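Down below is the structure, laid out as structure tokens.
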Amino acid sequence: MSKFIFSFIVYFAFWVAFTSTLRTDEVLAGAIVALLMSWLTGQHFSETGMKNLSPRKLWYAFLYLFVFLWEMLKANVDVARRVIMPKIPINPGIVEVPTKLQSNIAKLALANSITLTPGTLTVDIIDDKLYIHWIDVRTEEPEEAFRQISGVFEKYIKEIFE
């Protein structure tokens with residue numbers, strides 16, 4: 001039942017966010033759609049259900065938003081510098097980055113965070129290793145690559161999803 005309630009809350013929140021209105025007919029339509037979607041997908045929507053809405057996880061998700069935006073800004077500036085000043089050398093390549101995350105959803109969140117940050121692209125995830133295409137490979141040592149690419153993301157994602 002908690003998976004159903006959690007999925008309903010998420011679907012309904014997205015409905016309200018995307019419609020940007022609290023008109024009665026829109027809210028009622030959103031509730032109906034969210035109920036239907038929760039009934040169809042609720043069992044598969046989340047591994048933990050309502051545990052995802054704990055205050056601690058929500059706090060870390062809030063903090064993660066700022067960490068992610070900061071890392072994205074830094075990466076955007078770096079890539080823009082490389083475009084504007086083509087003399088800045090690049091050293092593209094694929095590096096292996098270990099992860100301590102256990103759940104698939106946490107690994108997915110980490111992979112997406114890396115991919116959404118300019119200059120990096122998650123190519124594959126195999127067991128506890130991510131393979132990242134990096135615009136400027138500074139190290140091929142997995143632990144150092146972890147520290148430079150995903151370390152800042154992983155500590156927050158672990159708190160949110162595991």
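If you're wondering about the labels, chains in the structure tokens are A, B, ... by order shown, residues count from 1 in each chain, ligands from 1 in order shown.
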Identify all residues of segment 17-150 of chain A in helix (DSSP H, G or I) (DSSP on the backbone) and supply them as a PyMOL selection string.
-> chain A and resi 17-19+24-45+49-53+55-84+104-116+142-149
Show which residues sit within 8 Å of Ser103 of chain A, as a VMD selection string. Count only C-alpha atoms, and ignore same-chain residues fewer than 2 positions away.
-> chain A and resid 101 105 to 107 161 to 162
Suppose we keep C-alpha atoms; can you now write the selection as a PDB file, in the first residue's frame?
```pdb
ATOM      1  CA  LEU A 101      26.016   2.355  -4.377  1.00  0.00           C
ATOM      2  CA  ILE A 105      17.925   3.391  -8.810  1.00  0.00           C
ATOM      3  CA  ALA A 106      20.859   4.981  -6.969  1.00  0.00           C
ATOM      4  CA  LYS A 107      23.255   3.903  -9.719  1.00  0.00           C
ATOM      5  CA  PHE A 161      18.209   6.380  -2.385  1.00  0.00           C
ATOM      6  CA  GLU A 162      19.732   3.821  -0.029  1.00  0.00           C
TER       7      GLU A 162
END
```
What lies within 6 Å of segment 133-137 of chain A using only C-alpha atoms, ignoring chain neighbours under 3 positions off, as a list in words?
-> Ile90, Asn91, Pro92, Gly93, Ile94, Gly119, Thr120 and Leu121 of chain A
Give the answer as one residue: which of A:Asp124, A:Pro89, A:Pro55, A:Phe12 has the shortest atom-to-atom distance to Glu26 of chain A, using only C-alpha atoms?
-> A:Phe12
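All residues of segment 20-149 of chain A that DSSP, run on the backbone, classes as strand (DSSP E or B) are Asn91, Gly93, Ile94, Val95, Glu96, Val97, Pro98, Thr120, Leu121, Thr122, Val123, Asp124, Ile125, Ile126, Lys129, Leu130, Tyr131, Ile132, His133, Trp134 and Asp136 of chain A.
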Restrict the selected residues to N, CA and C atoms and save them as a compact mmCIF listing (two decimals), in the first residue's frame.
```
# COMPACT_ATOMS: atom_id res chain seq x y z
N ASN A 91 41.79 15.86 -23.69
CA ASN A 91 42.34 14.51 -23.66
C ASN A 91 41.16 13.55 -23.44
N GLY A 93 38.61 10.41 -23.33
CA GLY A 93 38.79 8.98 -23.13
C GLY A 93 37.73 8.43 -22.21
N ILE A 94 37.73 7.13 -22.06
CA ILE A 94 36.79 6.44 -21.18
C ILE A 94 37.54 5.96 -19.95
N VAL A 95 36.99 6.29 -18.78
CA VAL A 95 37.60 5.88 -17.52
C VAL A 95 36.63 5.01 -16.74
N GLU A 96 37.19 4.14 -15.93
CA GLU A 96 36.40 3.28 -15.06
C GLU A 96 36.28 3.97 -13.70
N VAL A 97 35.05 4.12 -13.24
CA VAL A 97 34.80 4.79 -11.97
C VAL A 97 34.04 3.82 -11.06
N PRO A 98 34.63 3.44 -9.93
CA PRO A 98 33.93 2.54 -9.02
C PRO A 98 32.81 3.27 -8.26
N THR A 120 31.14 15.07 -19.44
CA THR A 120 31.14 13.66 -19.04
C THR A 120 29.89 12.98 -19.57
N LEU A 121 30.02 11.70 -19.84
CA LEU A 121 28.90 10.91 -20.35
C LEU A 121 29.04 9.49 -19.83
N THR A 122 28.03 8.99 -19.16
CA THR A 122 28.06 7.62 -18.68
C THR A 122 27.79 6.70 -19.87
N VAL A 123 28.74 5.83 -20.15
CA VAL A 123 28.64 4.93 -21.29
C VAL A 123 28.02 3.61 -20.89
N ASP A 124 28.39 3.10 -19.69
CA ASP A 124 27.89 1.80 -19.26
C ASP A 124 28.01 1.67 -17.76
N ILE A 125 27.19 0.81 -17.19
CA ILE A 125 27.28 0.45 -15.77
C ILE A 125 27.36 -1.06 -15.73
N ILE A 126 28.44 -1.57 -15.15
CA ILE A 126 28.60 -3.01 -14.99
C ILE A 126 28.93 -3.27 -13.54
N LYS A 129 30.80 -0.70 -11.24
CA LYS A 129 31.69 0.18 -12.01
C LYS A 129 30.89 0.93 -13.07
N LEU A 130 31.18 2.22 -13.17
CA LEU A 130 30.61 3.04 -14.23
C LEU A 130 31.73 3.34 -15.21
N TYR A 131 31.41 3.33 -16.48
CA TYR A 131 32.38 3.67 -17.51
C TYR A 131 31.95 5.02 -18.07
N ILE A 132 32.83 6.00 -17.89
CA ILE A 132 32.52 7.39 -18.19
C ILE A 132 33.41 7.91 -19.31
N HIS A 133 32.78 8.51 -20.32
CA HIS A 133 33.55 9.23 -21.33
C HIS A 133 33.78 10.62 -20.76
N TRP A 134 35.05 11.00 -20.67
CA TRP A 134 35.45 12.24 -20.02
C TRP A 134 36.16 13.10 -21.05
N ASP A 136 38.27 15.45 -20.71
CA ASP A 136 39.68 15.71 -20.41
C ASP A 136 40.13 14.75 -19.31
```
Distance query Ala109 of chain A at most 12 Å, only C-alpha atoms, self and fewer than 5 positions along chain excluded, as a PyMOL selection string = chain A and resi 61+64+68+101-104+114-116+122+125+150+153-158+160-162
Selection file, N, CA and C atoms, as a PDB file, in the first residue's frame:
```pdb
ATOM      1  N   ALA A  61      17.907  15.444  -0.577  1.00  0.00           N
ATOM      2  CA  ALA A  61      17.515  15.741  -1.956  1.00  0.00           C
ATOM      3  C   ALA A  61      17.556  17.249  -2.209  1.00  0.00           C
ATOM      4  N   TYR A  64      21.162  18.164  -2.416  1.00  0.00           N
ATOM      5  CA  TYR A  64      21.727  17.637  -3.656  1.00  0.00           C
ATOM      6  C   TYR A  64      21.421  18.537  -4.843  1.00  0.00           C
ATOM      7  N   PHE A  68      24.335  19.649  -7.241  1.00  0.00           N
ATOM      8  CA  PHE A  68      24.272  19.325  -8.668  1.00  0.00           C
ATOM      9  C   PHE A  68      24.340  20.585  -9.528  1.00  0.00           C
ATOM     10  N   LEU A 101      27.473   2.408  -4.392  1.00  0.00           N
ATOM     11  CA  LEU A 101      26.016   2.355  -4.377  1.00  0.00           C
ATOM     12  C   LEU A 101      25.546   0.938  -4.676  1.00  0.00           C
ATOM     13  N   GLN A 102      24.481   0.505  -3.992  1.00  0.00           N
ATOM     14  CA  GLN A 102      23.987  -0.857  -4.148  1.00  0.00           C
ATOM     15  C   GLN A 102      22.726  -0.942  -5.005  1.00  0.00           C
ATOM     16  N   SER A 103      21.806  -0.013  -4.816  1.00  0.00           N
ATOM     17  CA  SER A 103      20.526  -0.128  -5.522  1.00  0.00           C
ATOM     18  C   SER A 103      20.653   0.372  -6.958  1.00  0.00           C
ATOM     19  N   ASN A 104      19.862  -0.234  -7.821  1.00  0.00           N
ATOM     20  CA  ASN A 104      19.877   0.147  -9.233  1.00  0.00           C
ATOM     21  C   ASN A 104      19.416   1.585  -9.436  1.00  0.00           C
ATOM     22  N   ILE A 114      25.995  12.355 -13.742  1.00  0.00           N
ATOM     23  CA  ILE A 114      27.263  12.472 -14.468  1.00  0.00           C
ATOM     24  C   ILE A 114      27.009  12.870 -15.919  1.00  0.00           C
ATOM     25  N   THR A 115      26.032  12.240 -16.554  1.00  0.00           N
ATOM     26  CA  THR A 115      25.736  12.522 -17.949  1.00  0.00           C
ATOM     27  C   THR A 115      25.198  13.944 -18.144  1.00  0.00           C
ATOM     28  N   LEU A 116      24.414  14.434 -17.197  1.00  0.00           N
ATOM     29  CA  LEU A 116      23.863  15.784 -17.313  1.00  0.00           C
ATOM     30  C   LEU A 116      24.906  16.868 -17.068  1.00  0.00           C
ATOM     31  N   THR A 122      28.033   8.992 -19.156  1.00  0.00           N
ATOM     32  CA  THR A 122      28.060   7.617 -18.679  1.00  0.00           C
ATOM     33  C   THR A 122      27.786   6.702 -19.866  1.00  0.00           C
ATOM     34  N   ILE A 125      27.195   0.812 -17.188  1.00  0.00           N
ATOM     35  CA  ILE A 125      27.280   0.453 -15.773  1.00  0.00           C
ATOM     36  C   ILE A 125      27.362  -1.062 -15.729  1.00  0.00           C
ATOM     37  N   SER A 150      32.579  11.583  -9.707  1.00  0.00           N
ATOM     38  CA  SER A 150      31.306  11.214  -9.077  1.00  0.00           C
ATOM     39  C   SER A 150      31.286  11.292  -7.562  1.00  0.00           C
ATOM     40  N   PHE A 153      28.737  13.653  -5.983  1.00  0.00           N
ATOM     41  CA  PHE A 153      27.352  13.233  -6.195  1.00  0.00           C
ATOM     42  C   PHE A 153      26.990  12.025  -5.329  1.00  0.00           C
ATOM     43  N   GLU A 154      27.908  11.073  -5.256  1.00  0.00           N
ATOM     44  CA  GLU A 154      27.594   9.785  -4.636  1.00  0.00           C
ATOM     45  C   GLU A 154      27.211   9.900  -3.172  1.00  0.00           C
ATOM     46  N   LYS A 155      27.870  10.767  -2.425  1.00  0.00           N
ATOM     47  CA  LYS A 155      27.556  10.841  -0.991  1.00  0.00           C
ATOM     48  C   LYS A 155      26.124  11.312  -0.761  1.00  0.00           C
ATOM     49  N   TYR A 156      25.618  12.198  -1.613  1.00  0.00           N
ATOM     50  CA  TYR A 156      24.221  12.646  -1.463  1.00  0.00           C
ATOM     51  C   TYR A 156      23.237  11.607  -1.993  1.00  0.00           C
ATOM     52  N   ILE A 157      23.580  11.011  -3.132  1.00  0.00           N
ATOM     53  CA  ILE A 157      22.697  10.003  -3.729  1.00  0.00           C
ATOM     54  C   ILE A 157      22.548   8.808  -2.791  1.00  0.00           C
ATOM     55  N   LYS A 158      23.609   8.431  -2.116  1.00  0.00           N
ATOM     56  CA  LYS A 158      23.542   7.319  -1.157  1.00  0.00           C
ATOM     57  C   LYS A 158      22.523   7.631  -0.044  1.00  0.00           C
ATOM     58  N   ILE A 160      19.985   9.660  -0.258  1.00  0.00           N
ATOM     59  CA  ILE A 160      18.646   9.805  -0.821  1.00  0.00           C
ATOM     60  C   ILE A 160      18.015   8.465  -1.173  1.00  0.00           C
ATOM     61  N   PHE A 161      18.790   7.584  -1.810  1.00  0.00           N
ATOM     62  CA  PHE A 161      18.209   6.380  -2.385  1.00  0.00           C
ATOM     63  C   PHE A 161      18.511   5.077  -1.642  1.00  0.00           C
ATOM     64  N   GLU A 162      19.417   5.096  -0.693  1.00  0.00           N
ATOM     65  CA  GLU A 162      19.732   3.821  -0.029  1.00  0.00           C
ATOM     66  C   GLU A 162      19.456   3.871   1.451  1.00  0.00           C
TER      67      GLU A 162
END
```
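Considering the residues A:Ser20, A:Lys57, A:Gln148, A:Ser7 and counting only C-alpha atoms, Leu35 of chain A has its shortest atom-to-atom contact with A:Ser7.
Atom to atom, atom CA of Pro118 of chain A and atom CA of Asn76 of chain A stand 5.8 Å apart.
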